[in-house]
Structure formats: structure tokens, C-alpha cells
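Notes follow the structure.
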Amino acid sequence: MSEEERSLNFIEHIVEDDLKDGYGKEDLRFRFPPEPNGYLHIGHASSICLNFGLGLRYDSPVNLRFDDTNPAKEESEYVEAIKKDVSWLGYEWDKECYASDYFGQLYDWAIELIKQGKAYVDSQTSEEIANQKGTPTEPGSESPFRNRSIEENLELFQAMKEGKFGEGEHVLRAKVDMASSNMLMRDPIMYRILHKPHHRTNTDWCIYPMYDWTHGESDYIEQVSHSLCTLEFLPHRELYDWFLDQLVDSKKLRPKQREFARRNLSHTVVSKRKLLQLVESGVVSGWDDPRMPTISGLRRRGFTPESIRNFADTIGIAKRENVVDVSLLEFHVREHLNKIAPRVMAVLNPLKVVITNYEEGKEEWLEAENNPEDESAGSRKIPFSRDLFIEQEDFREQANRKFFRLKLGGEVRLKNGYIIKAESCTKDVEGNITEVQCTYDPKSKSGSGTEESLRKVKGTLHWVSVPHAVEAEVRLYDRLFNDPTPDGHKDKDFMEFVNPDSLNRITGYLEPSLKEAKVGDGFQFQRLGYFNVDSDSTENHLVFNRTVTLRDTWAKLEQKS
RNA sequence: UGGCCUAUGGUGUAAUUGGCAACACUACUGAUUUUGGUUCAGUCAUUCUAGGUUCGAGUCCUAGUAGGCCAACCA
């Protein structure tokens, strides 16, 4: 929230400079321009946070613009999903725009270019055009159709629009420079014929404008001041500017494109093709599988919009290659969830404990605070009885002094309850511990104020009363990939790095208050991690996702020894 | 082998534009704690290399080195 103190990123410096050089604050306008051909992922989140963050910072409008110029790939299903994700992240767009709304204007401008001799219809095949393109080190050669008469170009272009030709028969090209060192300037294609219905314009058009001919012009129509995109579009800037040069009215604001490096998250892939492969191969259950880096996956997993925004904010924006460690994302989820998640108790790997000196059949309802970080969260009652579950990892017959948990002859506090002492344990034929017999100190009840209740014992365990426990399916997730850069190996396919143990489904035993939990609700299972109710939950089958574990310094200690 | 972009701790970003390399994460110490959580305190850098300009260089100049992008009727 200390927004003032944060130093500016290079994009903000550009905006500040523009403000000094004559832009009015009211001139500023930004846009987030997804193509509706797939689901948004964590990489898009950076771009969304950048553009909408700028909007918030300068109190200027941000458009949500769908770059829908390729009907072969785009569907309205994706439009809806994208709108949902952007809203969920907490942003409000000014106008909902579609590049397809500008098809008419773009067509008229194309005709202008033809009339000025700056565009021509090329009737070669795509192979021929590609062959004439040259290479980065050799110039291209000119198309035999490059010098068609304006009249013929006009006639052909209109016939293209009217559907008189099949796909691939003609294209409209800008007449720029076949010898440019920038391959994109070698007479780029502006229009191609596509006899495909469009998700919004249906069959109104059978010629569709290309990205380069659409994007800057859309920015201009919307009077976007700063058109921000990722670094791979940097070579497009020259063309972006060339097209604007042909039609900009000097009295109107001229948009500028600037580029930033895309953010890469470690241990994940983000390309649509690879995500699709994960879905189709059955490695994950769908685009919103909680292990997916999609916004919908993160949402289902229990990440909060705040945590994603803070994450995007702290990594910032720059121009160099990067791989951000997932642990930073996890830090931000924990940071936010620590403040807001109600604490509850759940045992995931149960070991039965019997309190031998506790009356059989008796139950007590103990007071438990909901969130030590937030007094207003209040408290609730949890049942205590003679038979309890604790975690198997919390008991050892014998252990050294570093082990703060329950061991034979040792004492431990049951969170919100009593101090207990382990007296004996029973084992099955294989030697596995099946039950621990304990005694409790009746005067040590939490919050009772007695001298015994204030006694310090080193360990505090979470627990659940066996007769009151609610069973639930709990899904424990781990990283989807074992390698920090699964798609960064030239000799190995990213699928080779899929973590076979990224999902572990178990049955957990929860305190009864969780019976009322609704889909999406998030909790801290004390000492275990943050969990939320999955959308697979039904009335009689609760399903929880583990969003992220708590930091676990004990596990690290254990690993070392 | 053409053009363009980039290079600061393990990671991601800063550095008032030439003035004590800062912040966050991770890791490691320690304190606090009825969550081995949280919180608090502390530790971890030859600014890619080599020269140069300067009282002074992460920042400017020269030459290297390394990585990335560019030849879809995709965006």
C-alpha cells in the first residue's frame, strides 16, 4: 500500500516523461488486448496488473480489447472466460472493445492505402511470397504483382471482400521495403481471405486483417496512449509506426508501443500448446486443474486475487530475461491467507490417541480462536473427547530433545485443550504404532487461567475428536514439474519433467465446524497449510485442495539429519 | 553470417540520471510464540570481461563475451 515509496519501473518512467513533455493526464489510456483463443494464465496476469495498475495509478481508463482477427482460432467461450478472470483479479475495464468492431474502418483505410499506392493485391501462393521474403542476411525480391495499377488493386480487393475468391488466392500487402533489415517491413500482408464464420461478425466478412494492420490502428481508434506488449513484438514497432504514419491525424493522440519482458515462472510451462498437451494427455484434469498455471486453475487452487496482484507488483517490469521462482508466488499467497484464513484443525494422517483418565462418553466443547492475526474473526467451539486423532508424525516412542512433539513419557499441549502425557502405545504385528495411550491434566485446560493451564510445554499439537470428526477427501498438490525450466532444454521434451506425484488424494478428518464450508472457502488447517473447498464438493462428499503448505522449518531440520 | 534487445547477490527488481549498491523472496543464525506458523533482529555482491574518460563509473566511451528476438495468409 506504500505505493508512493515504490520506485518506478521503466514503463512508468516513460509515462512520467510523457507527462512532462506535454501529455495531459486526461490523455492517458491503456489497454489489455488478449486474443480470445485460450485461457488466461499467470503470465497474462503480469500484463493485466501492469496495464490496470497504470490505470489505477494515473486514474486513467483501461480498455479490455479482444484481438479477434483470426476466426479460425477464436471462440466466444474464451471471451467469457477472459472477462471472468480479469474481473476476478479485481479490475474494472472502461470499454469492452473488439478488433472486429473496427473491420469496417480498417477496410476503408486499406482502400485509402491502395489509392495512395501504398498497398497492392498479391496473387501468388504463400510459398512464393515466403521465398521472395529473403533471409535476415539477404534482402527479399519484389513480387511480380507489386506494381499493379491502383484501379486493378481496388477492383481485386473489393472482389476479395465480396467473396469472389477462395482462400489463398490473393492477399493485400503493404508496399514498404523488400530490402529492409527488418523482415516485417518486407511488404507485410494486411489481409488474407478466410471463409470462416467469426464469433461476432459471423459471415459478414471473408477477408480478415492481420495483427500488424489491426493492432496499432485499434489503439489509434480507441486513443490508447501507451500500447504495452511483450518484447517479442519489438521488431513489430517499426511497422506499427509505419501504418500509423499513413493515417494519423496530427490533431489526435498518436499511440506508442513499448515492450517489456514476459515473466516466466519456475517449475511451470505456460504456452498454450503445452498446456493443451497436459490437458489432452490426462496429466491434469482440465484447464482449471488446481495444478495449472491458468488463472482459473489458481483460483480453484485457492490463490487470492490480492496475492497474485502483490506477486506481480513485487516482481516488477523490466526488459531482461527472467525466471521468477514459484516460492515468491507461494510467499504472497501465504502472506495474504495468513491474514484472512480462519484457523481450523484437521488431521490428515491419523493416529488414534486414547485419554485413559478421561471419562468414557463424555464430551466437552472448547473455545478456539478463529484467527490470531485478526481479533474480529472471533471464536468457535470444538468438541473434545476421550478418543482423538493426532498426526502420525507427531508421535514417536522415543526421540531426542529437538523433537518437540509427543513421545513416551513426554508431555505436549493439545491446541485449545489440555496437556497430555504419553504413557504407552500399541502396535500391530508389523510393528506399526496403532494407538497411543495418554493421560491428561484436567486442570491444564486452555484459557481456564489456572496455574496448570499456564504451564509451558514445548510442543503444541492439533487434533480432532474421533466421534465428531468429519471425513473429507483432501487433495495434496506438489509442483507439476520437477525441473525449474521444463521447456528450457533443447534435448529434452518438457513432458519428461512431469512430476508423477503432483497429486496425492487422501482422506482427512476434520473438526465438525467444517461441515458447513462452501465451495471456494479457504482455511488454515493449523500446522499443515492453507486449504479451500474444491468445486467437486457435494453435500455429502467434501473435497479440499491444499493451496500451499505452511513454511516448515521442522521438515528442513529433518531433511538435514 | 544481417538487424535489434538484454546483462546488478541463489531469484526478481532499485539506485535521486556520474556521488556510500537498496528492497523483497529464498537460504542460514538467533529471539518471541498454546501453530516448528506469524512477528522481530541479524548474515549472504569483485554490478558479464578488458581497457578508457573522471576527484569519483552499476551508470558515460571503446572492444569483447554470453543470452534472447526476427524469414506464419498466427497473435
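In the C-alpha cells, the first chain shown is A, the next is B, and so on; residue numbers restart at 1 for each chain, and ligands run from 1 in the order shown.
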If you count only C-alpha atoms (C1' of nucleotides), which residues fall within 12 Å of range 58-66 of chain B, apart from same-chain ones fewer than 3 positions away, as number ranges by chain?
B: 6-8, 14-15, 17-19, 21, 45, 47-54
Written selection (C-alpha atoms (C1' of nucleotides)) as a PDB file, in the first residue's frame:
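Writing done, so here's part28.pdb:
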```pdb
ATOM      1  C1'   U B   6      19.457  -7.520 -22.769  1.00  0.00           C
ATOM      2  C1'   A B   7      23.453  -8.297 -18.909  1.00  0.00           C
ATOM      3  C1'   U B   8      23.418  -5.776 -10.920  1.00  0.00           C
ATOM      4  C1'   A B  14      16.024  -0.488  -7.394  1.00  0.00           C
ATOM      5  C1'   A B  15      19.791   3.120  -7.429  1.00  0.00           C
ATOM      6  C1'   U B  17      20.268  10.024 -14.175  1.00  0.00           C
ATOM      7  C1'   G B  18      28.169  10.454 -12.627  1.00  0.00           C
ATOM      8  C1'   G B  19      28.245  10.564  -5.724  1.00  0.00           C
ATOM      9  C1'   A B  21      24.970  -0.721  -4.474  1.00  0.00           C
ATOM     10  C1'   A B  45      27.606  -8.889  -4.074  1.00  0.00           C
ATOM     11  C1'   U B  47      27.334  -4.602 -10.696  1.00  0.00           C
ATOM     12  C1'   C B  48      29.497 -10.198 -17.574  1.00  0.00           C
ATOM     13  C1'   U B  49      35.045  -9.286 -19.163  1.00  0.00           C
ATOM     14  C1'   A B  50      39.113  -5.969 -20.628  1.00  0.00           C
ATOM     15  C1'   G B  51      40.582  -1.199 -21.469  1.00  0.00           C
ATOM     16  C1'   G B  52      39.433   4.188 -21.205  1.00  0.00           C
ATOM     17  C1'   U B  53      37.235   9.293 -19.563  1.00  0.00           C
ATOM     18  C1'   U B  54      36.693  11.393 -14.475  1.00  0.00           C
TER      19        U B  54
END
```
Within 10 Å of chain A, which residues of chain B come that close, and what is the closest atom pair and distance in Å for each? Count only C-alpha atoms (C1' of nucleotides) and give it as a tab-separated table.
```
residue	atom	partner	partner_atom	distance
B:U1	C1'	A:Thr137	CA	7.4
B:G2	C1'	A:Thr137	CA	4.1
B:G3	C1'	A:Ser181	CA	5.3
B:C4	C1'	A:Pro235	CA	7.2
B:C5	C1'	A:Leu231	CA	8.1
B:U6	C1'	A:Arg320	CA	5.3
B:A7	C1'	A:Arg320	CA	7.8
B:U11	C1'	A:Asp325	CA	6.0
B:G12	C1'	A:Ile315	CA	5.2
B:U13	C1'	A:Gly316	CA	6.0
B:A14	C1'	A:Ser7	CA	6.7
B:A15	C1'	A:Ser7	CA	9.4
B:C23	C1'	A:Arg6	CA	9.0
B:A24	C1'	A:Thr314	CA	6.9
B:C25	C1'	A:Leu328	CA	5.4
B:U26	C1'	A:Ser327	CA	7.5
B:U34	C1'	A:Lys415	CA	6.0
B:U35	C1'	A:Arg527	CA	4.9
B:G36	C1'	A:Trp554	CA	5.0
B:G37	C1'	A:Leu550	CA	6.4
B:U38	C1'	A:Asn338	CA	7.7
B:G67	C1'	A:Glu321	CA	8.3
B:G68	C1'	A:Glu321	CA	7.4
B:C69	C1'	A:Glu232	CA	5.8
B:C70	C1'	A:Met183	CA	6.7
B:A71	C1'	A:Thr135	CA	5.1
B:A72	C1'	A:Ala130	CA	9.6
B:C73	C1'	A:Arg192	CA	5.2
B:C74	C1'	A:Asn70	CA	7.9
B:A75	C1'	A:Tyr211	CA	6.3
```
Straight-line distance linking CA of Glu452 in chain A with CA of Tyr440 in chain A, stated in Å to one decimal:
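Those two atoms sit 11.5 Å apart.
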Residue set, range 22-255 of chain A restricted to strand (DSSP E), as an MDAnalysis selection string:
chainID A and resid 30:32 62:66 96:98 119:122 171:174 189:193 207:209 226:230
Between A:Ala45, A:Asp374, A:Met292, A:Gly449, single out the one closest to Thr268 in chain A, counting only C-alpha atoms.
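Under the stated criterion, the closest residue is A:Met292.
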Using only C-alpha atoms, find the one residue out of A:Asp85, A:Glu435, A:Asp428, A:Glu238 that sits nearest to Ile42 in chain A.
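Nearest candidate to Ile42 in chain A out of A:Asp85, A:Glu435, A:Asp428, A:Glu238: A:Asp85.
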Within 10 Å of Gly43 in chain A using only C-alpha atoms (C1' of nucleotides), minus same-chain residues under 2 positions, as a PyMOL selection string:
chain A and resi 40-41+45-48+262-265+269-271+293-295+312
Those same residues, written as a short mmCIF file (atom, residue, chain, number, x, y, z; two decimals), in the first residue's frame with all heavy atoms?
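What ended up in selection.cif:
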```
data_model
loop_
_atom_site.label_atom_id
_atom_site.label_comp_id
_atom_site.auth_asym_id
_atom_site.auth_seq_id
_atom_site.Cartn_x
_atom_site.Cartn_y
_atom_site.Cartn_z
N LEU A 40 -6.55 -17.51 -19.92
CA LEU A 40 -5.52 -16.64 -19.36
C LEU A 40 -4.67 -17.41 -18.35
O LEU A 40 -5.19 -18.25 -17.61
CB LEU A 40 -6.19 -15.46 -18.66
CG LEU A 40 -6.27 -14.10 -19.35
CD1 LEU A 40 -6.24 -14.18 -20.87
CD2 LEU A 40 -7.44 -13.30 -18.86
N HIS A 41 -3.38 -17.10 -18.31
CA HIS A 41 -2.52 -17.75 -17.32
C HIS A 41 -1.73 -16.72 -16.53
O HIS A 41 -1.87 -15.51 -16.75
CB HIS A 41 -1.61 -18.77 -18.00
CG HIS A 41 -0.80 -18.21 -19.13
ND1 HIS A 41 0.20 -17.29 -18.93
CD2 HIS A 41 -0.86 -18.43 -20.48
CE1 HIS A 41 0.73 -16.98 -20.11
NE2 HIS A 41 0.10 -17.64 -21.07
N ALA A 45 -1.34 -12.45 -16.23
CA ALA A 45 -1.63 -11.69 -15.02
C ALA A 45 -0.68 -10.50 -14.88
O ALA A 45 -1.08 -9.42 -14.47
CB ALA A 45 -1.56 -12.58 -13.79
N SER A 46 0.59 -10.71 -15.26
CA SER A 46 1.55 -9.62 -15.18
C SER A 46 1.15 -8.46 -16.08
O SER A 46 1.22 -7.29 -15.69
CB SER A 46 2.94 -10.11 -15.62
OG SER A 46 3.69 -10.50 -14.50
N SER A 47 0.74 -8.80 -17.29
CA SER A 47 0.34 -7.78 -18.24
C SER A 47 -0.94 -7.07 -17.77
O SER A 47 -1.07 -5.85 -17.87
CB SER A 47 0.11 -8.43 -19.60
OG SER A 47 -0.41 -7.49 -20.50
N ILE A 48 -1.86 -7.86 -17.23
CA ILE A 48 -3.11 -7.28 -16.71
C ILE A 48 -2.79 -6.32 -15.56
O ILE A 48 -3.27 -5.20 -15.53
CB ILE A 48 -4.04 -8.41 -16.22
CG1 ILE A 48 -4.51 -9.26 -17.41
CG2 ILE A 48 -5.24 -7.84 -15.46
CD1 ILE A 48 -5.22 -10.53 -17.02
N ARG A 262 8.43 -10.70 -20.87
CA ARG A 262 7.40 -11.52 -20.26
C ARG A 262 7.97 -12.18 -19.01
O ARG A 262 9.18 -12.40 -18.90
CB ARG A 262 6.88 -12.56 -21.25
CG ARG A 262 7.85 -13.71 -21.52
CD ARG A 262 7.17 -14.88 -22.20
NE ARG A 262 6.70 -14.54 -23.53
CZ ARG A 262 5.43 -14.65 -23.90
NH1 ARG A 262 4.53 -15.08 -23.06
NH2 ARG A 262 5.06 -14.35 -25.13
N ARG A 263 7.12 -12.46 -18.05
CA ARG A 263 7.55 -13.07 -16.80
C ARG A 263 7.46 -14.57 -16.92
O ARG A 263 6.43 -15.10 -17.33
CB ARG A 263 6.68 -12.62 -15.62
CG ARG A 263 6.23 -11.17 -15.61
CD ARG A 263 7.32 -10.19 -15.91
NE ARG A 263 8.57 -10.50 -15.27
CZ ARG A 263 9.42 -9.61 -14.83
NH1 ARG A 263 9.16 -8.35 -14.94
NH2 ARG A 263 10.56 -9.99 -14.29
N ASN A 264 8.52 -15.25 -16.56
CA ASN A 264 8.50 -16.71 -16.59
C ASN A 264 8.53 -17.23 -15.16
O ASN A 264 9.31 -16.77 -14.36
CB ASN A 264 9.71 -17.22 -17.35
CG ASN A 264 9.76 -16.66 -18.75
OD1 ASN A 264 8.88 -16.93 -19.57
ND2 ASN A 264 10.75 -15.84 -19.04
N LEU A 265 7.67 -18.17 -14.88
CA LEU A 265 7.59 -18.75 -13.54
C LEU A 265 8.33 -20.07 -13.55
O LEU A 265 8.15 -20.87 -14.48
CB LEU A 265 6.12 -19.03 -13.22
CG LEU A 265 5.50 -18.53 -11.93
CD1 LEU A 265 4.38 -19.41 -11.51
CD2 LEU A 265 6.50 -18.32 -10.82
N VAL A 269 5.04 -24.47 -17.23
CA VAL A 269 5.03 -24.06 -18.62
C VAL A 269 3.77 -23.24 -18.82
O VAL A 269 2.83 -23.34 -18.04
CB VAL A 269 5.00 -25.27 -19.60
CG1 VAL A 269 6.26 -26.10 -19.45
CG2 VAL A 269 3.76 -26.11 -19.39
N VAL A 270 3.77 -22.44 -19.87
CA VAL A 270 2.68 -21.51 -19.99
C VAL A 270 2.15 -21.42 -21.43
O VAL A 270 1.09 -20.90 -21.67
CB VAL A 270 3.19 -20.15 -19.43
CG1 VAL A 270 3.40 -19.16 -20.51
CG2 VAL A 270 2.29 -19.70 -18.30
N SER A 271 2.91 -22.01 -22.37
CA SER A 271 2.45 -21.88 -23.75
C SER A 271 1.17 -22.69 -23.94
O SER A 271 0.98 -23.73 -23.33
CB SER A 271 3.53 -22.34 -24.72
OG SER A 271 3.34 -23.70 -25.09
N PRO A 293 -1.18 -23.43 -14.30
CA PRO A 293 -0.83 -22.04 -14.06
C PRO A 293 -1.84 -21.07 -14.66
O PRO A 293 -1.59 -19.88 -14.76
CB PRO A 293 0.52 -21.91 -14.77
CG PRO A 293 0.44 -22.87 -15.89
CD PRO A 293 -0.40 -24.03 -15.40
N THR A 294 -2.99 -21.59 -15.08
CA THR A 294 -4.05 -20.71 -15.59
C THR A 294 -4.65 -19.93 -14.43
O THR A 294 -4.61 -20.38 -13.28
CB THR A 294 -5.17 -21.53 -16.25
OG1 THR A 294 -5.57 -22.57 -15.35
CG2 THR A 294 -4.69 -22.16 -17.55
N ILE A 295 -5.24 -18.78 -14.75
CA ILE A 295 -5.91 -18.01 -13.70
C ILE A 295 -7.03 -18.86 -13.09
O ILE A 295 -7.21 -18.88 -11.87
CB ILE A 295 -6.52 -16.71 -14.28
CG1 ILE A 295 -5.45 -15.86 -14.98
CG2 ILE A 295 -7.20 -15.90 -13.19
CD1 ILE A 295 -4.42 -15.24 -14.09
N ALA A 312 2.71 -9.90 -8.76
CA ALA A 312 3.03 -9.16 -10.00
C ALA A 312 3.72 -7.85 -9.65
O ALA A 312 4.66 -7.42 -10.33
CB ALA A 312 1.76 -8.91 -10.79
#
```
List every residue of range 116-289 of chain A that DSSP, applied to the backbone, labels as alpha helix (DSSP H), and write the result as a compact mmCIF listing (two decimals) with N, CA and C atoms, in the first residue's frame.
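The result, written out as selection.txt:
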```txt
# COMPACT_ATOMS: atom_id res chain seq x y z
N SER A 126 1.35 -18.66 -50.96
CA SER A 126 2.09 -18.28 -49.76
C SER A 126 3.54 -18.74 -49.84
N GLU A 127 3.77 -19.87 -50.55
CA GLU A 127 5.15 -20.35 -50.70
C GLU A 127 5.97 -19.35 -51.53
N GLU A 128 5.37 -18.88 -52.62
CA GLU A 128 6.09 -17.93 -53.47
C GLU A 128 6.42 -16.67 -52.69
N ILE A 129 5.45 -16.21 -51.92
CA ILE A 129 5.68 -15.00 -51.15
C ILE A 129 6.79 -15.22 -50.12
N ALA A 130 6.75 -16.39 -49.49
CA ALA A 130 7.77 -16.70 -48.49
C ALA A 130 9.15 -16.76 -49.12
N ASN A 131 9.23 -17.35 -50.31
CA ASN A 131 10.52 -17.46 -50.99
C ASN A 131 11.11 -16.10 -51.35
N GLN A 132 10.22 -15.16 -51.67
CA GLN A 132 10.72 -13.83 -52.04
C GLN A 132 11.09 -12.99 -50.83
N ILE A 150 -3.51 1.00 -59.60
CA ILE A 150 -4.40 1.28 -58.48
C ILE A 150 -5.81 0.78 -58.78
N GLU A 151 -6.26 0.98 -60.00
CA GLU A 151 -7.61 0.55 -60.38
C GLU A 151 -7.77 -0.96 -60.23
N GLU A 152 -6.76 -1.68 -60.72
CA GLU A 152 -6.83 -3.14 -60.64
C GLU A 152 -6.80 -3.60 -59.19
N ASN A 153 -5.96 -2.96 -58.39
CA ASN A 153 -5.89 -3.30 -56.97
C ASN A 153 -7.23 -3.07 -56.28
N LEU A 154 -7.82 -1.93 -56.57
CA LEU A 154 -9.12 -1.59 -55.98
C LEU A 154 -10.16 -2.63 -56.34
N GLU A 155 -10.18 -2.98 -57.62
CA GLU A 155 -11.15 -3.95 -58.11
C GLU A 155 -10.98 -5.31 -57.46
N LEU A 156 -9.71 -5.76 -57.43
CA LEU A 156 -9.42 -7.07 -56.86
C LEU A 156 -9.73 -7.12 -55.36
N PHE A 157 -9.35 -6.06 -54.66
CA PHE A 157 -9.56 -6.03 -53.21
C PHE A 157 -11.05 -6.08 -52.90
N GLN A 158 -11.83 -5.35 -53.69
CA GLN A 158 -13.27 -5.38 -53.49
C GLN A 158 -13.83 -6.77 -53.78
N ALA A 159 -13.32 -7.39 -54.83
CA ALA A 159 -13.77 -8.74 -55.17
C ALA A 159 -13.39 -9.73 -54.07
N MET A 160 -12.21 -9.50 -53.47
CA MET A 160 -11.81 -10.34 -52.34
C MET A 160 -12.84 -10.23 -51.23
N LYS A 161 -13.22 -9.00 -50.95
CA LYS A 161 -14.17 -8.74 -49.87
C LYS A 161 -15.53 -9.36 -50.18
N TYR A 211 -2.65 -9.11 -37.66
CA TYR A 211 -2.32 -8.44 -36.40
C TYR A 211 -1.71 -7.05 -36.60
N ASP A 212 -0.67 -6.98 -37.44
CA ASP A 212 0.06 -5.72 -37.56
C ASP A 212 -0.81 -4.59 -38.13
N TRP A 213 -1.68 -4.96 -39.03
CA TRP A 213 -2.56 -3.95 -39.63
C TRP A 213 -3.71 -3.61 -38.69
N THR A 214 -3.91 -4.37 -37.65
CA THR A 214 -5.05 -4.15 -36.78
C THR A 214 -4.68 -3.46 -35.48
N HIS A 215 -3.52 -3.88 -34.93
CA HIS A 215 -3.29 -3.51 -33.54
C HIS A 215 -3.09 -2.01 -33.31
N GLY A 216 -2.16 -1.44 -34.05
CA GLY A 216 -1.90 -0.01 -33.86
C GLY A 216 -3.10 0.83 -34.23
N GLU A 217 -3.81 0.39 -35.27
CA GLU A 217 -4.98 1.14 -35.73
C GLU A 217 -6.09 1.07 -34.67
N SER A 218 -6.22 -0.09 -34.02
CA SER A 218 -7.21 -0.22 -32.94
C SER A 218 -6.82 0.70 -31.79
N ASP A 219 -5.53 0.72 -31.48
CA ASP A 219 -5.05 1.63 -30.42
C ASP A 219 -5.40 3.08 -30.78
N TYR A 220 -5.21 3.41 -32.04
CA TYR A 220 -5.48 4.77 -32.51
C TYR A 220 -6.97 5.10 -32.41
N ILE A 221 -7.79 4.16 -32.86
CA ILE A 221 -9.24 4.38 -32.80
C ILE A 221 -9.69 4.59 -31.35
N GLU A 222 -9.12 3.80 -30.45
CA GLU A 222 -9.51 3.91 -29.04
C GLU A 222 -8.75 5.03 -28.33
N ARG A 237 7.40 -2.89 -33.90
CA ARG A 237 7.17 -1.48 -33.62
C ARG A 237 7.39 -0.61 -34.86
N GLU A 238 8.40 -0.95 -35.64
CA GLU A 238 8.68 -0.16 -36.84
C GLU A 238 7.48 -0.18 -37.78
N LEU A 239 6.85 -1.34 -37.88
CA LEU A 239 5.68 -1.47 -38.75
C LEU A 239 4.45 -0.80 -38.13
N TYR A 240 4.33 -0.94 -36.83
CA TYR A 240 3.26 -0.28 -36.07
C TYR A 240 3.29 1.21 -36.39
N ASP A 241 4.51 1.77 -36.34
CA ASP A 241 4.66 3.20 -36.61
C ASP A 241 4.44 3.53 -38.09
N TRP A 242 4.87 2.65 -38.96
CA TRP A 242 4.69 2.91 -40.40
C TRP A 242 3.21 3.01 -40.75
N PHE A 243 2.44 2.07 -40.24
CA PHE A 243 1.00 2.09 -40.53
C PHE A 243 0.35 3.36 -39.97
N LEU A 244 0.75 3.71 -38.73
CA LEU A 244 0.17 4.93 -38.15
C LEU A 244 0.56 6.16 -38.97
N ASP A 245 1.79 6.18 -39.46
CA ASP A 245 2.24 7.31 -40.28
C ASP A 245 1.30 7.55 -41.46
N GLN A 246 0.74 6.48 -41.99
CA GLN A 246 -0.08 6.61 -43.20
C GLN A 246 -1.42 7.25 -42.92
N LEU A 247 -1.90 7.20 -41.67
CA LEU A 247 -3.27 7.64 -41.47
C LEU A 247 -3.52 8.52 -40.26
N LYS A 272 0.31 -22.15 -24.80
CA LYS A 272 -1.00 -22.76 -24.98
C LYS A 272 -0.88 -24.20 -25.45
N ARG A 273 0.07 -24.40 -26.37
CA ARG A 273 0.24 -25.74 -26.92
C ARG A 273 0.61 -26.74 -25.81
N LYS A 274 1.50 -26.33 -24.93
CA LYS A 274 1.95 -27.24 -23.88
C LYS A 274 0.89 -27.46 -22.82
N LEU A 275 0.18 -26.40 -22.49
CA LEU A 275 -0.92 -26.54 -21.54
C LEU A 275 -1.96 -27.51 -22.09
N LEU A 276 -2.24 -27.35 -23.39
CA LEU A 276 -3.21 -28.23 -24.04
C LEU A 276 -2.74 -29.68 -23.98
N GLN A 277 -1.46 -29.86 -24.19
CA GLN A 277 -0.89 -31.22 -24.15
C GLN A 277 -1.08 -31.84 -22.76
N LEU A 278 -0.92 -31.03 -21.72
CA LEU A 278 -1.12 -31.52 -20.36
C LEU A 278 -2.56 -31.96 -20.15
N VAL A 279 -3.47 -31.16 -20.72
CA VAL A 279 -4.89 -31.48 -20.58
C VAL A 279 -5.22 -32.75 -21.37
N GLU A 280 -4.79 -32.77 -22.63
CA GLU A 280 -5.19 -33.88 -23.50
C GLU A 280 -4.53 -35.21 -23.13
```
So the first atom is CA of Lys95 in chain A and the second is CA of Phe66 in chain A; what is the distance between them in Å, to one decimal place?
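These atoms are spaced 10.9 Å apart.
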Neighbours of Lys175 in chain A within 6 Å (only C-alpha atoms (C1' of nucleotides); same-chain residues fewer than 6 positions away dropped), as an mmCIF file with N, CA and C atoms, in the first residue's frame?
```cif
data_model
loop_
_atom_site.group_PDB
_atom_site.id
_atom_site.type_symbol
_atom_site.label_atom_id
_atom_site.label_comp_id
_atom_site.auth_asym_id
_atom_site.auth_seq_id
_atom_site.Cartn_x
_atom_site.Cartn_y
_atom_site.Cartn_z
ATOM 1 N N LYS A 118 0.170 2.606 -51.703
ATOM 2 C CA LYS A 118 0.955 2.026 -50.624
ATOM 3 C C LYS A 118 0.519 0.613 -50.252
ATOM 4 N N ALA A 119 -0.402 0.067 -51.027
ATOM 5 C CA ALA A 119 -0.807 -1.316 -50.787
ATOM 6 C C ALA A 119 -1.209 -1.931 -52.114
ATOM 7 N N ASP A 187 7.152 -5.806 -47.204
ATOM 8 C CA ASP A 187 5.786 -5.865 -47.746
ATOM 9 C C ASP A 187 4.869 -6.811 -46.965
#
```
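Atom pair CA of Cys206 in chain A / CA of Phe165 in chain A: separated by 9.5 Å.
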